[in-house]
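Participant: As input, take data-v2.txt (compact mmCIF, C-alpha atoms and all ligand atoms):
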```txt
# COMPACT_ATOMS: atom_id res chain seq x y z
CA MET A 24 -8.85 30.93 -8.69
CA SER A 25 -7.51 27.57 -9.81
CA LYS A 26 -9.93 25.24 -11.58
CA ILE A 27 -9.60 21.50 -11.55
CA ALA A 28 -11.34 18.46 -13.03
CA ILE A 29 -11.69 15.09 -11.34
CA PHE A 30 -11.51 11.95 -13.49
CA GLY A 31 -13.57 9.32 -11.67
CA TYR A 32 -16.24 9.84 -9.00
CA GLY A 33 -15.63 6.72 -6.94
CA THR A 34 -14.45 6.57 -3.34
CA ILE A 35 -11.34 8.71 -3.81
CA GLY A 36 -12.89 11.10 -6.36
CA SER A 37 -15.85 11.88 -4.11
CA GLY A 38 -13.38 12.18 -1.21
CA VAL A 39 -11.38 14.81 -3.12
CA ALA A 40 -14.58 16.81 -3.79
CA GLU A 41 -15.55 16.46 -0.11
CA VAL A 42 -12.15 17.63 1.19
CA LEU A 43 -12.06 20.60 -1.18
CA ASN A 44 -15.54 21.58 -0.08
CA LYS A 45 -15.14 20.95 3.65
CA LYS A 46 -11.75 22.66 3.90
CA ARG A 47 -12.38 25.42 1.35
CA GLU A 48 -11.09 28.38 3.40
CA HIS A 49 -8.16 26.47 4.85
CA ILE A 50 -7.12 25.25 1.39
CA LYS A 51 -7.45 28.77 -0.05
CA LYS A 52 -4.94 29.98 2.57
CA GLN A 53 -2.56 27.08 1.87
CA ALA A 54 -2.71 27.42 -1.91
CA GLY A 55 -2.84 31.21 -2.03
CA GLU A 56 -6.02 31.08 -4.10
CA GLU A 57 -9.33 29.28 -4.17
CA ILE A 58 -9.49 25.82 -5.76
CA GLU A 59 -12.72 25.00 -7.52
CA VAL A 60 -13.86 21.73 -9.06
CA LYS A 61 -15.14 22.72 -12.51
CA TYR A 62 -15.85 19.22 -13.84
CA VAL A 63 -16.20 15.64 -12.68
CA LEU A 64 -15.77 13.00 -15.37
CA ASP A 65 -17.51 9.68 -14.95
CA LEU A 66 -19.38 7.25 -17.18
CA ARG A 67 -22.14 6.99 -14.61
CA ASP A 68 -24.90 9.43 -13.65
CA PHE A 69 -25.44 10.44 -10.04
CA PRO A 70 -29.09 11.51 -9.78
CA GLY A 71 -29.70 13.76 -6.78
CA ASP A 72 -25.98 14.25 -6.04
CA PRO A 73 -24.79 17.90 -6.26
CA VAL A 74 -22.04 16.61 -8.57
CA GLU A 75 -24.73 16.29 -11.28
CA GLU A 76 -24.30 19.95 -12.18
CA ILE A 77 -20.63 19.57 -13.06
CA LEU A 78 -20.69 15.98 -14.32
CA VAL A 79 -19.45 15.29 -17.85
CA HIS A 80 -19.12 12.02 -19.76
CA ASP A 81 -16.76 13.27 -22.47
CA VAL A 82 -13.13 13.86 -21.49
CA ASN A 83 -12.70 16.28 -24.43
CA VAL A 84 -14.89 18.84 -22.69
CA ILE A 85 -12.20 19.03 -20.01
CA LEU A 86 -9.20 18.75 -22.33
CA ASN A 87 -10.51 21.58 -24.52
CA ASP A 88 -11.33 23.92 -21.65
CA PRO A 89 -8.39 26.32 -21.13
CA GLU A 90 -9.75 27.28 -17.71
CA VAL A 91 -8.89 23.87 -16.26
CA ASP A 92 -5.40 24.07 -14.74
CA ILE A 93 -5.13 20.66 -13.07
CA VAL A 94 -6.70 17.25 -13.64
CA VAL A 95 -7.04 14.72 -10.83
CA GLU A 96 -7.04 11.12 -12.08
CA VAL A 97 -8.57 8.72 -9.56
CA MET A 98 -10.17 6.16 -11.90
CA GLY A 99 -7.61 3.41 -11.37
CA GLY A 100 -6.16 1.03 -13.97
CA VAL A 101 -3.75 1.95 -16.76
CA HIS A 102 -6.29 2.49 -19.56
CA PRO A 103 -7.86 4.92 -20.26
CA ALA A 104 -6.19 6.74 -17.34
CA TYR A 105 -2.91 6.93 -19.30
CA GLU A 106 -4.51 8.38 -22.43
CA TYR A 107 -6.51 10.94 -20.41
CA VAL A 108 -3.57 12.09 -18.28
CA LYS A 109 -1.19 12.25 -21.23
CA SER A 110 -3.69 14.28 -23.26
CA ALA A 111 -4.23 16.62 -20.31
CA LEU A 112 -0.48 17.21 -19.94
CA LEU A 113 -0.14 17.79 -23.69
CA ALA A 114 -3.00 20.29 -23.40
CA GLY A 115 -0.99 22.22 -20.79
CA LYS A 116 -2.66 20.94 -17.61
CA SER A 117 -0.82 19.53 -14.62
CA ALA A 118 -2.00 16.18 -13.30
CA VAL A 119 -2.35 14.48 -9.94
CA THR A 120 -3.07 10.80 -9.49
CA SER A 121 -3.58 8.23 -6.76
CA ASN A 122 -3.24 5.45 -9.34
CA LYS A 123 -0.20 3.24 -8.62
CA ALA A 124 -0.81 1.11 -11.72
CA LEU A 125 -0.56 4.20 -13.93
CA VAL A 126 2.53 5.60 -12.20
CA ALA A 127 4.35 2.24 -12.13
CA ALA A 128 3.66 1.59 -15.83
CA CYS A 129 3.82 5.07 -17.39
CA GLY A 130 5.46 7.33 -14.77
CA PRO A 131 8.68 8.12 -16.69
CA GLU A 132 6.88 9.24 -19.85
CA LEU A 133 4.30 11.33 -18.02
CA LEU A 134 6.96 12.95 -15.84
CA LYS A 135 8.99 13.82 -18.93
CA ILE A 136 6.03 15.41 -20.70
CA ALA A 137 5.27 17.42 -17.55
CA ARG A 138 8.90 18.57 -17.18
CA GLU A 139 9.14 19.64 -20.82
CA ARG A 140 6.11 21.88 -20.38
CA ASN A 141 6.90 23.31 -16.92
CA LEU A 142 3.97 21.33 -15.55
CA ASN A 143 3.71 18.75 -12.77
CA PHE A 144 2.64 15.12 -12.61
CA GLN A 145 2.30 14.27 -8.91
CA PHE A 146 1.34 11.01 -7.24
CA GLU A 147 1.78 11.20 -3.47
CA ALA A 148 -1.41 9.19 -2.86
CA SER A 149 -0.30 6.30 -5.08
CA VAL A 150 1.85 4.84 -2.28
CA GLY A 151 0.87 4.65 1.38
CA GLY A 152 -2.51 6.39 0.92
CA GLY A 153 -2.47 9.24 3.43
CA ILE A 154 1.16 8.74 4.50
CA PRO A 155 3.51 11.35 3.05
CA ILE A 156 6.35 9.35 1.54
CA VAL A 157 6.86 10.36 -2.12
CA ARG A 158 7.44 14.03 -1.38
CA PRO A 159 9.73 13.41 1.63
CA LEU A 160 11.85 11.14 -0.57
CA GLU A 161 12.25 13.74 -3.27
CA ASP A 162 12.33 16.77 -1.04
CA ALA A 163 13.08 16.61 2.69
CA LEU A 164 15.45 13.63 2.50
CA THR A 165 17.49 14.66 -0.51
CA ALA A 166 20.70 15.61 1.33
CA GLY A 167 21.66 11.96 1.58
CA ASP A 168 21.16 8.62 -0.13
CA ALA A 169 18.37 6.26 0.85
CA SER A 170 20.31 3.02 1.25
CA GLY A 171 17.24 1.01 2.16
CA ILE A 172 13.46 1.30 1.98
CA TYR A 173 11.42 -1.38 3.72
CA GLY A 174 7.67 -1.00 3.53
CA ILE A 175 4.49 -2.65 4.69
CA LEU A 176 2.70 -1.20 1.70
CA ASN A 177 -0.47 -3.26 1.48
CA GLY A 178 -3.13 -2.85 4.16
CA THR A 179 -5.20 -5.87 3.17
CA THR A 180 -2.42 -8.41 3.57
CA ASN A 181 -1.16 -6.70 6.71
CA TYR A 182 -4.64 -7.10 8.17
CA MET A 183 -4.70 -10.78 7.22
CA LEU A 184 -1.23 -11.48 8.61
CA THR A 185 -2.14 -9.67 11.83
CA LYS A 186 -5.24 -11.86 12.24
CA MET A 187 -3.20 -14.99 11.53
CA PHE A 188 -0.49 -13.98 14.02
CA ASP A 189 -2.44 -12.37 16.87
CA ASP A 190 -5.70 -14.34 16.68
CA GLU A 191 -4.32 -17.61 15.29
CA MET A 192 -6.73 -17.42 12.37
CA SER A 193 -6.20 -19.58 9.30
CA TYR A 194 -5.24 -17.93 6.01
CA GLU A 195 -8.70 -18.72 4.59
CA ASP A 196 -10.57 -17.22 7.57
CA ALA A 197 -8.38 -14.13 7.58
CA LEU A 198 -9.07 -13.62 3.86
CA ALA A 199 -12.82 -14.14 4.35
CA GLN A 200 -12.80 -11.55 7.15
CA ALA A 201 -10.79 -9.06 5.06
CA GLN A 202 -13.33 -9.51 2.26
CA ALA A 203 -16.29 -9.12 4.63
CA LEU A 204 -14.81 -5.82 5.89
CA GLY A 205 -14.30 -4.56 2.34
CA TYR A 206 -10.47 -4.54 2.51
CA ALA A 207 -9.94 -7.41 0.09
CA GLU A 208 -11.59 -7.62 -3.32
CA ARG A 209 -13.67 -10.61 -4.33
CA ASP A 210 -10.65 -11.51 -6.48
CA PRO A 211 -7.92 -10.81 -3.92
CA SER A 212 -4.95 -11.67 -6.13
CA ALA A 213 -3.61 -8.10 -6.53
CA ASP A 214 -3.17 -7.92 -2.77
CA VAL A 215 -2.35 -11.49 -1.70
CA GLU A 216 0.00 -12.19 -4.64
CA GLY A 217 1.94 -9.00 -3.87
CA PHE A 218 1.22 -7.20 -7.17
CA ASP A 219 -0.09 -4.07 -5.42
CA ALA A 220 2.95 -3.86 -3.12
CA CYS A 221 5.21 -4.48 -6.15
CA ARG A 222 3.96 -1.39 -7.96
CA LYS A 223 4.26 0.69 -4.80
CA ILE A 224 7.87 -0.26 -4.06
CA ALA A 225 8.73 0.27 -7.74
CA ILE A 226 7.46 3.86 -7.42
CA LEU A 227 9.37 4.50 -4.18
CA ALA A 228 12.54 2.95 -5.60
CA SER A 229 12.26 5.14 -8.72
CA VAL A 230 11.77 8.29 -6.69
CA ALA A 231 14.59 7.42 -4.26
CA SER A 232 17.08 6.48 -6.99
CA GLY A 233 16.07 9.08 -9.58
CA GLN A 234 15.88 6.34 -12.24
CA PHE A 235 12.99 4.23 -13.44
CA VAL A 236 12.59 0.97 -11.54
CA ASP A 237 10.44 -1.31 -13.66
CA TYR A 238 7.91 -3.16 -11.51
CA GLN A 239 8.00 -6.04 -13.99
CA GLU A 240 11.61 -6.74 -12.99
CA ILE A 241 10.93 -6.93 -9.25
CA PRO A 242 10.80 -10.50 -7.89
CA THR A 243 7.40 -10.70 -6.23
CA ARG A 244 5.99 -13.26 -3.83
CA GLY A 245 2.78 -12.65 -1.92
CA ILE A 246 1.40 -14.19 1.24
CA VAL A 247 -0.21 -17.22 -0.41
CA GLY A 248 1.42 -20.27 1.19
CA ILE A 249 2.04 -18.61 4.58
CA THR A 250 0.41 -20.89 7.11
CA GLN A 251 -0.65 -20.82 10.71
CA GLU A 252 2.35 -23.10 11.38
CA ASP A 253 4.73 -20.45 9.99
CA MET A 254 3.15 -17.90 12.32
CA ALA A 255 3.55 -20.15 15.37
CA LEU A 256 7.14 -21.07 14.50
CA ALA A 257 8.14 -17.46 13.75
CA ASP A 258 6.60 -16.39 17.06
CA LEU A 259 8.64 -18.99 18.97
CA LEU A 260 11.77 -17.80 17.19
CA GLY A 261 11.05 -14.15 18.16
CA TYR A 262 9.67 -12.81 14.89
CA GLY A 263 6.46 -11.74 13.20
CA ILE A 264 5.79 -12.26 9.48
CA LYS A 265 5.02 -9.22 7.32
CA LEU A 266 4.70 -8.67 3.57
CA ILE A 267 7.59 -6.31 2.80
CA GLY A 268 8.35 -4.33 -0.34
CA SER A 269 12.01 -3.43 -0.22
CA PHE A 270 14.61 -1.49 -2.14
CA SER A 271 18.20 -1.55 -0.96
CA ARG A 272 21.60 -0.53 -2.22
CA GLU A 273 24.76 -2.32 -1.22
CA ASP A 274 28.25 -2.25 -2.75
CA GLY A 275 26.96 -0.40 -5.81
CA LYS A 276 24.20 -2.94 -6.42
CA ASN A 277 20.47 -2.23 -6.33
CA TYR A 278 18.03 -4.80 -5.00
CA ALA A 279 14.25 -4.72 -5.01
CA GLU A 280 11.71 -7.34 -4.06
CA VAL A 281 8.33 -8.06 -2.55
CA THR A 282 8.20 -11.02 -0.21
CA PRO A 283 6.97 -12.06 3.19
CA MET A 284 9.80 -11.46 5.65
CA LEU A 285 10.47 -12.41 9.23
CA VAL A 286 10.55 -9.21 11.27
CA PRO A 287 12.06 -9.35 14.79
CA PHE A 288 9.90 -8.20 17.69
CA ASP A 289 12.17 -5.20 18.31
CA HIS A 290 12.13 -3.96 14.67
CA ALA A 291 10.35 -0.65 13.91
CA LEU A 292 8.01 -2.40 11.42
CA TYR A 293 6.93 -5.12 13.85
CA PRO A 294 4.23 -3.03 15.60
CA VAL A 295 2.66 -2.01 12.26
CA LYS A 296 -0.53 -4.05 12.43
CA ASP A 297 -4.02 -4.35 10.97
CA VAL A 298 -4.67 -2.27 7.85
CA TYR A 299 -1.94 0.24 8.65
CA ASN A 300 1.11 0.80 6.46
CA GLY A 301 4.62 1.54 7.66
CA ILE A 302 7.71 2.51 5.67
CA LEU A 303 11.20 2.55 7.10
CA VAL A 304 13.70 4.65 5.15
CA ASP A 305 17.33 4.12 6.02
CA GLY A 306 19.67 6.82 4.79
CA ASP A 307 23.35 7.59 5.07
CA ILE A 308 22.72 11.12 6.35
CA ASN A 309 19.31 11.03 8.03
CA GLY A 310 19.59 7.59 9.62
CA ALA A 311 16.46 5.48 9.98
CA ILE A 312 13.14 7.29 9.60
CA MET A 313 9.79 5.62 10.04
CA PHE A 314 6.58 6.67 8.24
CA TYR A 315 3.38 5.20 9.66
CA GLY A 316 -0.34 5.70 9.10
CA SER A 317 -3.43 4.87 7.03
CA GLY A 318 -2.32 3.31 3.77
CA ALA A 319 -5.79 3.54 2.24
CA GLY A 320 -9.23 4.96 3.00
CA LYS A 321 -11.30 7.69 1.43
CA LEU A 322 -10.29 10.83 3.34
CA PRO A 323 -6.60 10.07 4.04
CA THR A 324 -6.02 9.23 0.36
CA ALA A 325 -8.11 12.20 -0.84
CA GLY A 326 -6.09 14.40 1.55
CA ALA A 327 -2.84 13.33 -0.13
CA VAL A 328 -4.34 14.08 -3.56
CA VAL A 329 -5.52 17.53 -2.46
CA ALA A 330 -2.09 18.29 -0.96
CA ASP A 331 -0.58 17.64 -4.41
CA VAL A 332 -3.18 19.95 -5.98
CA ILE A 333 -2.26 22.66 -3.44
CA ASP A 334 1.45 22.18 -4.15
CA ILE A 335 0.93 22.54 -7.90
CA THR A 336 -1.31 25.60 -7.45
CA LYS A 337 1.30 27.32 -5.27
CA ASN A 338 3.95 26.58 -7.88
CA ALA A 339 2.02 27.32 -11.06
CA GLY A 340 4.26 27.70 -14.09
CA ARG A 341 7.18 25.59 -12.87
CA THR A 342 7.97 21.95 -12.32
CA VAL A 343 8.60 21.43 -8.62
CA GLN A 344 9.13 17.72 -8.34
CA ALA A 345 12.47 16.03 -8.83
CA GLY A 346 10.80 13.03 -10.50
CA TYR A 347 12.98 10.37 -12.08
CA SER A 348 14.46 9.69 -15.47
CA GLU A 349 13.33 7.23 -18.13
CA GLU A 350 16.66 5.41 -17.84
CA LYS A 351 16.06 2.03 -16.19
CA LEU A 352 17.85 1.26 -12.94
CA PRO A 353 19.46 -2.17 -13.28
CA LEU A 354 18.46 -4.52 -10.45
CA ALA A 355 20.93 -7.06 -9.11
CA ASP A 356 20.19 -10.77 -8.68
CA LEU A 357 18.86 -11.33 -5.17
CA SER A 358 19.68 -15.02 -5.13
CA ALA A 359 23.37 -14.06 -4.90
CA LYS A 360 22.88 -11.76 -1.88
CA LYS A 361 23.88 -13.17 1.50
CA ARG A 362 21.23 -12.84 4.21
CA ALA A 363 19.54 -14.84 6.95
CA PHE A 364 16.55 -17.03 6.12
CA TYR A 365 13.85 -18.80 8.07
CA VAL A 366 13.58 -22.41 6.97
CA ARG A 367 10.53 -24.50 7.87
CA VAL A 368 11.00 -28.19 7.27
CA ASN A 369 7.83 -29.96 6.18
CA GLY A 370 7.07 -33.64 6.16
CA VAL A 371 9.98 -34.56 8.41
CA SER A 372 9.29 -34.66 12.11
CA ALA A 373 11.93 -33.19 14.40
CA GLU A 374 11.44 -36.17 16.74
CA ASN A 375 14.78 -37.46 15.64
CA ASP A 376 16.52 -34.69 17.50
CA GLU A 377 19.99 -35.50 16.27
CA LYS A 378 19.03 -35.47 12.59
CA ALA A 379 17.08 -32.20 12.88
CA ARG A 380 19.92 -30.56 14.81
CA ALA A 381 22.44 -31.73 12.21
CA PHE A 382 20.26 -30.41 9.38
CA ALA A 383 19.82 -27.03 11.10
CA SER A 384 23.52 -26.82 11.82
CA SER A 385 24.35 -27.35 8.13
CA PHE A 386 22.76 -23.88 7.70
CA GLY A 387 24.82 -22.48 10.57
CA ALA A 388 21.86 -22.58 12.99
CA ASP A 389 22.72 -23.84 16.49
CA SER A 390 19.14 -24.67 17.41
CA TYR A 391 15.71 -25.22 15.96
CA THR A 392 12.15 -24.67 17.11
CA GLU A 393 9.39 -27.20 16.89
CA ILE A 394 5.62 -27.10 17.17
CA GLU A 395 3.17 -29.82 18.18
CA SER A 396 2.71 -31.20 14.71
CA GLY A 397 6.41 -32.09 14.68
CA THR A 398 7.16 -29.38 12.10
CA TYR A 399 10.36 -27.52 12.88
CA ALA A 400 12.10 -24.36 11.76
CA PHE A 401 15.32 -22.43 12.27
CA ILE A 402 17.08 -19.23 11.19
CA THR A 403 20.11 -19.66 8.96
CA GLU A 404 23.37 -17.77 9.15
CA PRO A 405 23.75 -15.17 6.36
CA MET A 406 23.95 -17.15 3.13
CA THR A 407 22.75 -16.96 -0.44
CA ARG A 408 19.33 -18.24 -1.45
CA ALA A 409 21.05 -20.53 -3.90
CA ALA A 410 23.01 -22.14 -1.03
CA VAL A 411 19.82 -22.54 1.03
CA ASP A 412 18.06 -24.25 -1.87
CA GLN A 413 21.00 -26.57 -2.40
CA LEU A 414 20.96 -27.69 1.24
CA CYS A 415 17.17 -28.02 1.22
CA ALA A 416 17.42 -30.45 -1.68
CA ASN A 417 19.02 -32.89 0.82
CA VAL A 418 16.04 -33.15 3.15
CA ALA A 419 13.50 -35.94 2.73
CA GLY A 420 10.54 -33.51 2.99
CA SER A 421 10.39 -29.97 1.65
CA CYS A 422 11.43 -26.58 2.95
CA ASN A 423 9.51 -23.32 3.11
CA VAL A 424 12.08 -20.51 2.95
CA ILE A 425 11.42 -16.89 3.94
CA PRO A 426 14.05 -14.15 4.23
CA VAL A 427 14.65 -12.35 7.50
CA ILE A 428 14.44 -8.55 7.14
CA GLY A 429 17.91 -7.02 6.62
N1 LIG B 501 -5.60 -2.80 -1.83
C1 LIG B 501 -4.74 -1.78 -1.30
C2 LIG B 501 -4.31 -2.14 0.11
C3 LIG B 501 -5.47 -0.44 -1.32
O1 LIG B 501 -4.89 -3.08 0.69
O2 LIG B 501 -3.39 -1.55 0.64
C4 LIG B 501 -4.56 0.75 -1.19
O3 LIG B 501 -3.66 0.86 -2.24
```
Hey, can you dump this file as structure tokens for me?

Facilitator:
Amino acid sequence: MSKIAIFGYGTIGSGVAEVLNKKREHIKKQAGEEIEVKYVLDLRDFPGDPVEEILVHDVNVILNDPEVDIVVEVMGGVHPAYEYVKSALLAGKSAVTSNKALVAACGPELLKIARERNLNFQFEASVGGGIPIVRPLEDALTAGDASGIYGILNGTTNYMLTKMFDDEMSYEDALAQAQALGYAERDPSADVEGFDACRKIAILASVASGQFVDYQEIPTRGIVGITQEDMALADLLGYGIKLIGSFSREDGKNYAEVTPMLVPFDHALYPVKDVYNGILVDGDINGAIMFYGSGAGKLPTAGAVVADVIDITKNAGRTVQAGYSEEKLPLADLSAKKRAFYVRVNGVSAENDEKARAFASSFGADSYTEIESGTYAFITEPMTRAAVDQLCANVAGSCNVIPVIG
């Protein structure tokens, strides 16, 4: 029998306990032995909940118990999750987490400690919730190189953008609805500013490249500033707008970013709507592979955590994951990369057809699209962001520039 402890009895923690209980026999067959929750660590009390019997408030009870083989960290945040997980690994226990903040900030160190002790530090649930993506990247897809990863990695913003695009909702109304449904926090900045997606793409890029990609070095722009006008113009041009976390490799250079992108109607990520996540992995051997499903939610995320626990139990005594090294992967400057952009021109009506056409054509666009308010937009030929900004400096109004997915 394998004994585990769960750090944090919130949504995911209680989901892990529920899955282990509900699927006890099935999990025993998968893991080759029974998996029992010996402790749950939480600051709170849960009167009347069966968890009361195994609830502890002091992490040392778990760290000092040699019977505990695996700890499951689902508290969120970097501290004290980092200290608890590190101490558990140093005490000879493998660890599983769903905590993207912890993995993005401390992954290399925790992986190293695990490797040195023939333990495992696994984090499938930290990206894409219930969608298997970490393990495929370091296991099933390892014959080739992933030349590009493009992900809709944040369910909250995908929900908002879907409402803005399909139901013509304003940004403010879409946010209010996401908050009312419990998708967005009262302070929605982690989602709408792209910070959540940034940590997730940093983790995927690290796993895919085998080297640490520091989330702090990834240029990140969220969906704040995307308007109903952008949605209408993109639609007329044949595109949707999605918040994309991307990692790509071209001519020996590595690029990573989080930004809204225009996604053509026939692109595999276009139909990924509402709170769903989708990740497209483009590889030199496997071609394009699409991962799609629930990027959050109690049971799907708990299921991914439990699958990691099963994997570790089956492989007790040896490190199974490839992981990635502490050596930082240098990221290239995106402003020097040539690609197509959507340019919305604000404050200058397209009524003067000749002027608007001439402006669009200076970006290599042979036409532009206009909406009722007189605002117009076009898609540039592949060019650098620096060149786009230089041309935009010539217009009387201002430009809103969004890259087109590559
Ligand atoms: N806030 C995140 C999202 C939760 O909306 O996708 C899952 O990481």

Participant: Return as lines of an AutoDock Vina configuration file the box centre and box size in Å, one decimal, for an axis-aligned box around all listed atoms of ligand LIG 501 (chain B) padded by 3 Å per side.

Facilitator:
```
center_x = -4.5
center_y = -1.1
center_z = -0.8
size_x = 8.2
size_y = 9.9
size_z = 8.9
```

Participant: From the options A:Tyr347, A:Tyr278, A:Phe188, A:Phe382, which residue's atoms come nearest to Gln145 in chain A, counting only C-alpha atoms?

Facilitator: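 The shortest atom-to-atom distance to Gln145 in chain A comes from A:Tyr347.
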
Participant: So that each row is one residue of chain A with an atom at most 8 Å from ligand LIG 501 (chain B), can you give its shortest atom pair and the distance in Å to one decimal, using only C-alpha atoms and all ligand atoms, rows by chain and rising number, as a tab-separated table?

Facilitator:
```
residue	atom	partner	partner_atom	distance
A:Lys123	CA	B:LIG501	O3	7.6
A:Ser149	CA	B:LIG501	O3	7.0
A:Val150	CA	B:LIG501	O3	6.8
A:Gly151	CA	B:LIG501	O3	6.9
A:Gly152	CA	B:LIG501	C4	6.4
A:Leu176	CA	B:LIG501	O2	6.2
A:Asn177	CA	B:LIG501	O2	3.5
A:Gly178	CA	B:LIG501	O2	3.8
A:Thr179	CA	B:LIG501	O1	3.7
A:Thr180	CA	B:LIG501	O1	6.5
A:Asn181	CA	B:LIG501	O1	8.0
A:Tyr206	CA	B:LIG501	O1	6.0
A:Ala207	CA	B:LIG501	N1	6.6
A:Glu208	CA	B:LIG501	N1	7.8
A:Ala213	CA	B:LIG501	N1	7.4
A:Asp214	CA	B:LIG501	N1	5.7
A:Asp219	CA	B:LIG501	C1	6.6
A:Ala220	CA	B:LIG501	O2	7.7
A:Val298	CA	B:LIG501	O1	7.2
A:Asn300	CA	B:LIG501	O2	7.7
A:Gly318	CA	B:LIG501	O2	5.9
A:Ala319	CA	B:LIG501	C4	4.6
A:Gly320	CA	B:LIG501	C4	7.6
```

Participant: Mind pulling up the distance from CA of Ser117 in chain A to CA of Gly346 in chain A?

Facilitator: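 Pair CA of Gly346 in chain A / CA of Ser117 in chain A returns 13.9 Å.
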
Participant: Would you compute the distance between CA of Gly429 in chain A and CA of Ile267 in chain A? Give it in Å to one decimal.

Facilitator: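 Interatomic distance here is 11.0 Å.
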
Participant: Need the neighbours of (-13.2, 23.3, -10.5): which residues are at most 12 Å away, counting only C-alpha atoms, as a ChimeraX atom specification?

Facilitator: /A:24-30,39-40,43-44,57-64,74,76-78,85,88,90-95,332

Participant: Rounded to one decimal, what separation in Å do you get between CA of Asp65 in chain A and CA of Pro103 in chain A?

Facilitator: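 Taking CA of Asp65 in chain A as the start and CA of Pro103 in chain A as the end point, the length is 12.0 Å.
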
Participant: Select, counting only C-alpha atoms, all protein, DNA and RNA residues no farther than 12 Å from (-0.6, 13.9, -27.8) in file coordinates, and express the selection as a list of chain:residue names.

Facilitator: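 These residues have at least one counted atom within 12 Å: A:Leu86, A:Tyr105, A:Glu106, A:Tyr107, A:Val108, A:Lys109, A:Ser110, A:Ala111, A:Leu112, A:Leu113, A:Ala114, A:Gly115, A:Glu132, A:Leu133, A:Ile136.
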
Participant: Might you pull out every residue within 12 Å of Ser396 in chain A, with only C-alpha atoms counted and same-chain residues fewer than 5 positions away left off, and present them as a PyMOL selection string?

Facilitator: chain A and resi 251-253+255-256+368-374

Participant: Would you please work out which residue, of A:Leu164, A:Ile394, A:Val230, A:Ile172, is nearest to Gln344 in chain A when using only C-alpha atoms?

Facilitator: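 Looking at the shortest contact to Gln344 in chain A, the residue is A:Val230.
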
Participant: Could you give me, as a Markdown table, every range 125-170 of chain A residue with an atom at most 9 Å from range 234-237 of chain A, plus its closest atom pair and distance in Å to one decimal, counting only C-alpha atoms, rows ordered by chain then number?

Facilitator:
```
| residue | atom | partner | partner_atom | distance |
| --- | --- | --- | --- | --- |
| A:Ala127 | CA | A:Asp237 | CA | 7.2 |
| A:Ala128 | CA | A:Asp237 | CA | 7.7 |
| A:Gly130 | CA | A:Phe235 | CA | 8.3 |
| A:Pro131 | CA | A:Phe235 | CA | 6.7 |
```

Participant: Taking all atoms listed in the file into account, name the residue in A:Lys116, A:Arg222, A:Arg362, A:His290 that is nearest to Asn143 in chain A.

Facilitator: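 Nearest to Asn143 in chain A: A:Lys116.
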
Participant: Please tabulate, as a Markdown table, the residues of range 246-363 of chain A that come within 8 Å of range 412-425 of chain A, each with its closest pair of atoms and the distance in Å to one decimal, counting all atoms listed in the file and ordering rows by chain, then residue number upward.

Facilitator:
```
| residue | atom | partner | partner_atom | distance |
| --- | --- | --- | --- | --- |
| A:Thr282 | CA | A:Ile425 | CA | 7.9 |
| A:Pro283 | CA | A:Ile425 | CA | 6.6 |
| A:Met284 | CA | A:Ile425 | CA | 5.9 |
| A:Leu285 | CA | A:Ile425 | CA | 7.0 |
```

Participant: Hey, can you spit out that residue selection with C-alpha atoms as a PDB file, in the frame of the given file?

Facilitator:
```
ATOM      1  CA  THR A 282       8.200 -11.020  -0.210  1.00  0.00           C
ATOM      2  CA  PRO A 283       6.970 -12.060   3.190  1.00  0.00           C
ATOM      3  CA  MET A 284       9.800 -11.460   5.650  1.00  0.00           C
ATOM      4  CA  LEU A 285      10.470 -12.410   9.230  1.00  0.00           C
TER       5      LEU A 285
END
```

Participant: Would you please work out which residue, of A:Gly217, A:Pro426, A:Gly171, A:Pro155, is nearest to Ala311 in chain A when using only C-alpha atoms?

Facilitator: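 With only C-alpha atoms as the atom set, the closest residue is A:Gly171.
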